[in-house]
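Participant: Below you'll find protein_25.cif; it's mmCIF, C-alpha atoms.
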data_entry
loop_
_atom_site.label_atom_id
_atom_site.label_comp_id
_atom_site.auth_asym_id
_atom_site.auth_seq_id
_atom_site.Cartn_x
_atom_site.Cartn_y
_atom_site.Cartn_z
CA MET A 1321 34.07 32.55 18.50
CA SER A 1322 33.38 31.52 14.95
CA THR A 1323 32.44 28.00 16.07
CA MET A 1324 29.94 29.48 18.53
CA LEU A 1325 28.39 31.53 15.78
CA ARG A 1326 28.13 28.49 13.57
CA ALA A 1327 26.24 26.65 16.28
CA VAL A 1328 23.42 29.20 16.29
CA PRO A 1329 20.62 27.87 14.13
CA ARG A 1330 19.19 30.07 11.42
CA ILE A 1331 15.45 30.53 11.70
CA VAL A 1332 13.53 31.57 8.63
CA GLU A 1333 9.99 32.74 9.02
CA VAL A 1334 7.54 31.41 6.48
CA ARG A 1335 3.78 31.57 6.48
CA ARG A 1336 2.43 28.74 4.53
CA ASN A 1337 -0.82 26.84 4.71
CA ILE A 1338 0.00 23.18 5.25
CA LEU A 1339 -2.78 22.18 2.88
CA LYS A 1340 -1.62 24.63 0.21
CA ARG A 1341 -1.28 21.97 -2.46
CA ASN A 1342 -4.76 20.56 -1.80
CA ASP A 1343 -6.17 24.08 -1.74
CA GLU A 1344 -4.52 24.96 -5.04
CA ILE A 1345 -6.02 21.92 -6.74
CA ALA A 1346 -9.40 22.65 -5.14
CA HIS A 1347 -9.29 26.26 -6.36
CA ALA A 1348 -8.49 25.12 -9.89
CA LEU A 1349 -11.34 22.62 -9.75
CA ARG A 1350 -13.74 25.27 -8.48
CA ALA A 1351 -12.83 27.60 -11.35
CA ARG A 1352 -13.23 24.74 -13.82
CA PHE A 1353 -16.64 23.80 -12.40
CA HIS A 1354 -17.83 27.40 -12.49
CA GLN A 1355 -16.75 27.82 -16.09
CA ALA A 1356 -18.47 24.56 -17.06
CA GLY A 1357 -21.68 25.63 -15.32
CA VAL A 1358 -21.81 22.56 -13.11
CA PHE A 1359 -22.91 23.01 -9.48
CA VAL A 1360 -20.86 20.84 -7.16
CA VAL A 1361 -22.18 19.49 -3.88
CA SER A 1362 -20.19 17.40 -1.42
CA LEU A 1363 -21.83 15.20 1.19
CA VAL A 1364 -20.24 14.39 4.53
CA SER A 1365 -21.61 12.36 7.44
CA SER A 1366 -20.92 9.46 9.77
CA PRO A 1367 -21.11 5.96 8.30
CA GLY A 1368 -24.73 4.84 8.16
CA SER A 1369 -26.45 8.20 8.23
CA GLY A 1370 -28.05 7.59 4.85
CA LYS A 1371 -25.79 9.44 2.40
CA THR A 1372 -26.15 6.86 -0.34
CA ALA A 1373 -29.95 6.51 -0.04
CA PHE A 1374 -30.21 10.30 -0.02
CA LEU A 1375 -27.99 10.61 -3.07
CA GLU A 1376 -29.79 7.81 -4.89
CA ARG A 1377 -33.13 9.58 -4.42
CA THR A 1378 -31.65 12.97 -5.29
CA LEU A 1379 -30.07 11.67 -8.51
CA ALA A 1380 -33.28 9.94 -9.58
CA LEU A 1381 -35.41 13.05 -8.98
CA LEU A 1382 -32.94 15.51 -10.51
CA SER A 1383 -32.54 13.32 -13.60
CA LEU A 1384 -36.09 14.23 -14.61
CA ASP A 1385 -35.06 17.80 -15.44
CA TYR A 1386 -31.28 18.00 -15.12
CA ARG A 1387 -28.08 16.11 -15.90
CA PRO A 1388 -26.55 15.06 -12.56
CA CYS A 1389 -23.53 12.83 -11.97
CA ALA A 1390 -21.69 11.63 -8.88
CA LEU A 1391 -18.34 10.56 -7.48
CA VAL A 1392 -18.52 8.34 -4.41
CA GLY A 1393 -15.72 7.74 -1.98
CA ASP A 1394 -15.45 4.48 -0.10
CA LEU A 1395 -12.63 2.66 1.65
CA ALA A 1396 -12.91 -0.73 0.04
CA THR A 1397 -15.98 -1.46 -2.06
CA ASP A 1398 -17.82 -0.15 -5.09
CA ASN A 1399 -21.20 -1.16 -3.61
CA ASP A 1400 -22.37 2.45 -3.40
CA ALA A 1401 -21.52 3.23 -7.01
CA ALA A 1402 -23.33 0.09 -8.16
CA ARG A 1403 -26.35 1.13 -6.12
CA LEU A 1404 -26.31 4.71 -7.36
CA LYS A 1405 -26.03 3.70 -11.00
CA ARG A 1406 -29.61 2.43 -10.73
CA SER A 1407 -30.66 6.09 -10.79
CA GLY A 1408 -29.45 6.25 -14.40
CA ALA A 1409 -26.96 9.03 -13.64
CA PRO A 1410 -23.25 8.53 -14.43
CA VAL A 1411 -21.44 7.50 -11.25
CA ARG A 1412 -17.79 6.82 -10.52
CA GLN A 1413 -16.29 5.21 -7.46
CA ILE A 1414 -13.22 6.56 -5.71
CA THR A 1415 -11.79 3.72 -3.61
CA THR A 1416 -9.56 5.31 -1.02
CA GLY A 1417 -7.98 2.15 0.41
CA THR A 1418 -7.29 3.02 4.02
CA LEU A 1419 -7.58 6.76 3.59
CA CYS A 1420 -10.40 8.17 5.67
CA HIS A 1421 -11.28 11.18 3.53
CA LEU A 1422 -11.22 12.49 -0.03
CA GLU A 1423 -8.67 15.03 -1.23
CA ALA A 1424 -8.93 17.42 -4.15
CA ALA A 1425 -6.39 15.48 -6.23
CA MET A 1426 -8.53 12.34 -5.91
CA VAL A 1427 -11.54 14.23 -7.24
CA GLU A 1428 -9.47 15.62 -10.09
CA SER A 1429 -8.18 12.22 -11.12
CA ALA A 1430 -11.58 10.50 -10.72
CA LEU A 1431 -13.14 13.02 -13.08
CA GLY A 1432 -10.69 11.77 -15.70
CA ASP A 1433 -12.12 12.16 -19.17
CA TRP A 1434 -15.54 13.38 -18.02
CA SER A 1435 -16.43 16.64 -19.66
CA VAL A 1436 -17.93 18.43 -16.68
CA SER A 1437 -19.82 20.88 -18.89
CA ASP A 1438 -22.05 17.95 -19.89
CA PHE A 1439 -23.52 18.04 -16.38
CA ASP A 1440 -25.65 20.43 -14.33
CA PHE A 1441 -24.84 18.90 -10.95
CA LEU A 1442 -21.90 16.92 -9.64
CA PHE A 1443 -22.24 15.25 -6.25
CA ILE A 1444 -19.20 14.11 -4.32
CA GLU A 1445 -20.00 11.63 -1.57
CA ASN A 1446 -17.17 11.67 0.92
CA VAL A 1447 -16.06 8.68 2.99
CA GLY A 1448 -18.34 8.22 6.01
CA ASN A 1449 -16.40 10.12 8.66
CA LEU A 1450 -17.18 13.23 10.68
CA VAL A 1451 -13.58 14.14 11.48
CA CYS A 1452 -11.09 13.86 8.66
CA PRO A 1453 -12.98 15.29 5.65
CA SER A 1454 -13.40 18.67 7.34
CA SER A 1455 -9.90 19.96 6.52
CA PHE A 1456 -9.92 19.16 2.80
CA ASP A 1457 -11.44 21.53 0.26
CA LEU A 1458 -12.67 19.54 -2.75
CA GLY A 1459 -13.62 22.49 -4.94
CA GLU A 1460 -17.30 22.10 -4.10
CA SER A 1461 -19.75 25.02 -4.01
CA LEU A 1462 -21.90 23.51 -1.30
CA ARG A 1463 -20.87 21.22 1.53
CA VAL A 1464 -23.77 19.36 3.05
CA VAL A 1465 -23.44 17.60 6.39
CA LEU A 1466 -25.96 14.82 6.93
CA LEU A 1467 -27.14 13.62 10.29
CA SER A 1468 -29.81 10.99 10.82
CA VAL A 1469 -32.44 11.24 13.56
CA THR A 1470 -31.09 8.00 15.05
CA GLU A 1471 -27.61 9.40 15.75
CA GLY A 1472 -28.32 11.57 18.76
CA GLU A 1473 -28.94 15.28 18.93
CA ASP A 1474 -25.55 16.07 20.44
CA LYS A 1475 -23.49 15.05 17.40
CA PRO A 1476 -22.92 18.66 16.30
CA LEU A 1477 -21.40 19.36 19.72
CA LYS A 1478 -19.18 16.28 19.49
CA TYR A 1479 -17.97 17.06 15.96
CA PRO A 1480 -18.03 20.86 15.76
CA THR A 1481 -15.32 21.16 13.09
CA ILE A 1482 -17.23 19.37 10.35
CA PHE A 1483 -20.44 21.27 11.13
CA HIS A 1484 -18.47 24.49 11.15
CA SER A 1485 -17.03 23.70 7.70
CA ALA A 1486 -20.42 22.83 6.14
CA ASP A 1487 -22.91 25.15 4.42
CA LEU A 1488 -26.10 23.21 5.01
CA ALA A 1489 -27.27 20.50 7.42
CA VAL A 1490 -29.69 17.81 6.29
CA ILE A 1491 -31.42 15.70 8.91
CA THR A 1492 -32.21 12.29 7.38
CA LYS A 1493 -34.44 9.31 8.26
CA LEU A 1494 -37.24 11.59 9.36
CA ASP A 1495 -39.63 8.63 9.04
CA LEU A 1496 -37.95 7.19 12.17
CA ALA A 1497 -38.13 10.41 14.21
CA GLU A 1498 -41.06 9.38 16.35
CA ALA A 1499 -39.71 5.92 17.13
CA VAL A 1500 -36.43 7.35 18.44
CA GLU A 1501 -38.07 10.35 20.17
CA PHE A 1502 -36.04 12.75 18.05
CA ASP A 1503 -35.81 16.20 19.63
CA ARG A 1504 -35.93 18.80 16.87
CA GLY A 1505 -35.45 21.74 19.23
CA ALA A 1506 -32.27 20.20 20.67
CA ILE A 1507 -30.70 19.50 17.27
CA GLU A 1508 -31.42 23.04 16.11
CA ARG A 1509 -29.90 24.55 19.25
CA ASN A 1510 -26.82 22.34 18.92
CA ILE A 1511 -26.28 23.11 15.25
CA GLU A 1512 -26.82 26.81 15.90
CA SER A 1513 -24.22 26.80 18.66
CA VAL A 1514 -21.44 25.34 16.44
CA ALA A 1515 -22.48 26.80 13.06
CA PRO A 1516 -24.55 29.93 13.67
CA GLY A 1517 -27.05 30.68 10.91
CA MET A 1518 -26.55 27.40 9.04
CA PRO A 1519 -29.81 26.31 7.39
CA VAL A 1520 -31.24 22.93 8.38
CA LEU A 1521 -33.47 20.71 6.20
CA TYR A 1522 -35.43 17.67 7.34
CA LEU A 1523 -36.24 14.79 5.06
CA SER A 1524 -36.76 11.11 4.55
CA SER A 1525 -35.12 9.50 1.53
CA LYS A 1526 -37.40 6.53 2.11
CA SER A 1527 -40.79 8.28 2.13
CA GLY A 1528 -39.64 11.23 0.03
CA ALA A 1529 -40.85 13.75 2.65
CA GLY A 1530 -38.82 16.94 2.46
CA MET A 1531 -37.17 16.06 -0.86
CA ASP A 1532 -39.04 18.84 -2.70
CA ALA A 1533 -37.62 21.52 -0.43
CA TRP A 1534 -34.12 20.08 -0.87
CA LEU A 1535 -34.39 20.03 -4.67
CA GLU A 1536 -35.78 23.56 -4.71
CA ARG A 1537 -32.85 24.74 -2.65
CA LEU A 1538 -30.38 22.95 -4.91
CA THR A 1539 -31.79 24.39 -8.10
CA SER A 1540 -31.99 27.91 -6.71
CA LEU A 1541 -28.41 27.72 -5.39
CA ARG A 1542 -27.28 26.49 -8.80
CA ALA A 1543 -29.05 29.38 -10.53
CA GLY A 1544 -27.47 31.84 -8.07
CA ALA A 1545 -23.99 30.38 -8.62
CA ALA A 1546 -24.35 30.51 -12.40
CA ASN A 1547 -25.04 34.25 -12.21
CA SER A 1548 -22.20 34.95 -9.80
CA ALA A 1549 -18.68 36.06 -10.61
CA PRO A 1550 -16.07 33.32 -11.05
CA PRO A 1551 -14.32 32.21 -7.84
CA GLU A 1552 -11.12 34.02 -6.95
CA MET B 687 -5.96 9.02 10.61
CA HIS B 688 -5.89 12.03 8.29
CA GLU B 689 -2.97 13.29 10.35
CA LEU B 690 -0.73 11.13 8.14
CA SER B 691 -1.87 13.08 5.07
CA ILE B 692 -1.25 16.29 6.98
CA ALA B 693 2.21 15.09 8.09
CA MET B 694 3.14 14.30 4.49
CA SER B 695 1.90 17.73 3.40
CA ILE B 696 4.09 19.30 6.10
CA LEU B 697 7.15 17.47 4.78
CA ASP B 698 6.37 18.56 1.21
CA ALA B 699 5.78 22.14 2.35
CA ALA B 700 9.00 22.22 4.38
CA GLU B 701 11.09 20.78 1.56
CA GLU B 702 9.69 23.32 -0.87
CA GLU B 703 10.10 26.27 1.49
CA ALA B 704 13.64 25.17 2.39
CA GLU B 705 14.45 25.19 -1.32
CA ASN B 706 12.91 28.69 -1.63
CA HIS B 707 15.18 29.90 1.16
CA GLY B 708 18.44 28.69 -0.28
CA GLY B 709 18.30 25.07 0.87
CA GLY B 710 20.26 23.60 3.76
CA CYS B 711 19.55 21.11 6.48
CA VAL B 712 16.24 21.80 8.23
CA SER B 713 16.43 20.88 11.92
CA ALA B 714 12.95 22.00 12.99
CA ILE B 715 9.59 22.91 11.51
CA TYR B 716 7.42 25.35 13.47
CA LEU B 717 3.67 24.96 13.12
CA LYS B 718 0.52 26.71 14.25
CA ILE B 719 -2.39 24.32 14.71
CA GLY B 720 -5.82 25.79 15.39
CA ALA B 721 -8.31 24.11 17.71
CA LEU B 722 -10.86 24.14 14.88
CA SER B 723 -8.49 22.81 12.22
CA GLY B 724 -9.55 19.21 12.82
CA VAL B 725 -5.95 18.20 13.49
CA VAL B 726 -4.93 16.67 16.82
CA PRO B 727 -1.37 17.71 17.73
CA GLY B 728 -0.51 14.41 19.49
CA ALA B 729 -1.73 12.33 16.57
CA LEU B 730 0.06 14.62 14.14
CA THR B 731 3.37 14.24 15.99
CA ALA B 732 3.05 10.45 15.91
CA ALA B 733 2.14 10.44 12.22
CA TYR B 734 4.96 12.86 11.45
CA GLU B 735 7.54 10.61 13.08
CA LEU B 736 6.49 7.84 10.71
CA ALA B 737 6.22 10.05 7.67
CA ARG B 738 9.66 11.65 8.01
CA GLU B 739 11.50 8.30 7.87
CA ASN B 740 13.56 7.88 4.71
CA THR B 741 13.10 11.50 3.71
CA SER B 742 15.62 14.33 3.74
CA LEU B 743 13.90 15.53 6.94
CA SER B 744 14.30 12.30 8.92
CA GLU B 745 16.09 14.14 11.77
CA CYS B 746 13.87 17.19 11.71
CA ARG B 747 11.82 18.11 14.80
CA LEU B 748 8.26 19.40 14.82
CA VAL B 749 7.45 22.32 17.12
CA ILE B 750 3.72 22.84 17.48
CA GLU B 751 2.04 25.95 18.82
CA GLU B 752 -1.64 25.35 19.56
CA VAL B 753 -3.85 28.33 18.83
CA GLN B 754 -7.54 29.22 18.57
CA GLY B 755 -9.20 29.23 15.17
CA ALA B 756 -8.78 26.97 12.17
CA GLU B 757 -5.17 27.71 11.20
CA LEU B 758 -2.95 25.01 9.82
CA LEU B 759 0.32 26.77 9.10
CA VAL B 760 4.03 26.26 8.79
CA THR B 761 5.33 29.45 10.43
CA ALA B 762 9.11 28.95 10.44
CA LEU B 763 11.94 26.64 9.53
CA GLU B 764 15.08 26.24 11.58
CA PHE B 765 18.24 25.49 9.61
CA GLU B 766 21.40 24.00 11.02
CA SER B 767 24.11 26.44 10.19
#
Mind converting the file's structure to structure tokens?
Facilitator:
Amino acid sequence: MSTMLRAVPRIVEVRRNILKRNDEIAHALRARFHQAGVFVVSLVSSPGSGKTAFLERTLALLSLDYRPCALVGDLATDNDAARLKRSGAPVRQITTGTLCHLEAAMVESALGDWSVSDFDFLFIENVGNLVCPSSFDLGESLRVVLLSVTEGEDKPLKYPTIFHSADLAVITKLDLAEAVEFDRGAIERNIESVAPGMPVLYLSSKSGAGMDAWLERLTSLRAGAANSAPPE
Amino acid sequence: MHELSIAMSILDAAEEEAENHGGGCVSAIYLKIGALSGVVPGALTAAYELARENTSLSECRLVIEEVQGAELLVTALEFES
């Protein structure tokens, strides 16, 4: 009898988020960023959708009135960081090796000795990937998903999770829209169906069209965040 | 590919929770994986089988319940008595 009892496994109920450790670091980062008054924006997209060109232009324009900086994730090279440094803003590379996404601990360690209160904006460019980054909170206040007009209007339907996790969609390479017969109505319907109510901006990092509206949104979101209560 | 990170987080979470519940040999980890969590159960199982090697949970099974929503939870641990 006793041997039978011993054979019964003991099941203990727990309720624990698998990404608890990442979330804890992200929450601590978010509190630190809020206290320092730095507005943190992460960028996610497929490879080749124009994240780096977009960030390069954004950093250059913001530098006229603000103090922006950036962390850029890449698998193997520091090409993006070298390119972004031309904007004059401080930039650090996070080389992830074979890892397909950034995690909060990588952001924390890349910040290193940077005093975040010296900055108004921190941009975090994730590894080009529309799948893996969606699960990992980086402590950002705004997650921007980029999609270029050349990628096809059905991308939001193919990658709903990342669109669902983002706060704002930016459609890039608008200067090519005509050549690729970009269908604005279709992209808006598709984004709306996976992320209802998410705002969508259209711009060209090359021509600069639409950059004003993006910068206005950034600065007003930063002002709103500065006046808000600290994150829980 | 990020399933390997998730698998390693599961092992960490299970080891910590096992400790919290008096320790012992964990024979199964029960999970809830949401359809919107961005985690593919098949890929996670494969990654988990690699990740558990040479850990204290190398014999431990993964039992996945697929649900709606974005949950990514460890819901229970089974201990060998």
Participant: Using all atoms listed in the file, pick whichever of B:Ala704, B:Leu697, B:Leu722, B:Leu763 has the shortest atom-to-atom distance to Asn740 in chain B.
Facilitator: B:Leu697
Participant: When you count all atoms listed in the file, which of these residues is closest to Ser767 in chain B: B:Ser742, B:Ser713, B:Thr731, B:Gln754?
Facilitator: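 Among the listed residues, B:Ser713 lies closest to Ser767 in chain B.
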Participant: Could you list the residues chosen by the PyMOL selection byres ((chain A) within 8 of (chain B)) in this structure as a compact mmCIF listing (two decimals) with C-alpha atoms, keeping the file's coordinate frame?
Facilitator:
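Once written, part.txt looks like this:
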# COMPACT_ATOMS: atom_id res chain seq x y z
CA ARG A 1326 28.13 28.49 13.57
CA ALA A 1327 26.24 26.65 16.28
CA VAL A 1328 23.42 29.20 16.29
CA PRO A 1329 20.62 27.87 14.13
CA ARG A 1330 19.19 30.07 11.42
CA ILE A 1331 15.45 30.53 11.70
CA VAL A 1332 13.53 31.57 8.63
CA GLU A 1333 9.99 32.74 9.02
CA VAL A 1334 7.54 31.41 6.48
CA ARG A 1335 3.78 31.57 6.48
CA ARG A 1336 2.43 28.74 4.53
CA ASN A 1337 -0.82 26.84 4.71
CA ILE A 1338 0.00 23.18 5.25
CA LEU A 1339 -2.78 22.18 2.88
CA ARG A 1341 -1.28 21.97 -2.46
CA LEU A 1419 -7.58 6.76 3.59
CA CYS A 1420 -10.40 8.17 5.67
CA HIS A 1421 -11.28 11.18 3.53
CA VAL A 1451 -13.58 14.14 11.48
CA CYS A 1452 -11.09 13.86 8.66
CA SER A 1454 -13.40 18.67 7.34
CA SER A 1455 -9.90 19.96 6.52
CA PRO A 1480 -18.03 20.86 15.76
CA THR A 1481 -15.32 21.16 13.09
Participant: With the PyMOL selection byres ((chain A and resi 1534) around 12) as the selection, what would be picked from this file? Answer as JSON, numbers by chain, please.
Facilitator: {"A": [1374, 1375, 1377, 1378, 1381, 1382, 1464, 1488, 1489, 1490, 1491, 1492, 1519, 1520, 1521, 1522, 1523, 1524, 1525, 1528, 1529, 1530, 1531, 1532, 1533, 1535, 1536, 1537, 1538, 1539, 1540, 1541]}
Participant: Could you list, as a list in words, every residue within 12 Å of Glu1512 in chain A, counting only C-alpha atoms and ignoring same-chain residues fewer than 4 positions away?
Facilitator: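 Counting only the stated atoms, we get Asp1474, Pro1476, Leu1477, Pro1480, Phe1483, His1484, Leu1488, Ala1489, Gly1505, Ala1506, Ile1507, Glu1508, Pro1516, Gly1517, Met1518, Pro1519 and Val1520 of chain A.
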Participant: For the file shown, what are the residues hit by the PyMOL selection byres ((chain A and resi 1543-1552) around 10), laid out as a ChimeraX atom specification?
Facilitator: /A:1347-1348,1350-1359,1461,1537-1542
Participant: Kindly save the residues from that selection, with C-alpha atoms included, as a CSV table (one decimal), in the coordinates of the input.
Facilitator:
chain,number,residue,atom,x,y,z
A,1347,HIS,CA,-9.3,26.3,-6.4
A,1348,ALA,CA,-8.5,25.1,-9.9
A,1350,ARG,CA,-13.7,25.3,-8.5
A,1351,ALA,CA,-12.8,27.6,-11.4
A,1352,ARG,CA,-13.2,24.7,-13.8
A,1353,PHE,CA,-16.6,23.8,-12.4
A,1354,HIS,CA,-17.8,27.4,-12.5
A,1355,GLN,CA,-16.8,27.8,-16.1
A,1356,ALA,CA,-18.5,24.6,-17.1
A,1357,GLY,CA,-21.7,25.6,-15.3
A,1358,VAL,CA,-21.8,22.6,-13.1
A,1359,PHE,CA,-22.9,23.0,-9.5
A,1461,SER,CA,-19.8,25.0,-4.0
A,1537,ARG,CA,-32.8,24.7,-2.6
A,1538,LEU,CA,-30.4,23.0,-4.9
A,1539,THR,CA,-31.8,24.4,-8.1
A,1540,SER,CA,-32.0,27.9,-6.7
A,1541,LEU,CA,-28.4,27.7,-5.4
A,1542,ARG,CA,-27.3,26.5,-8.8
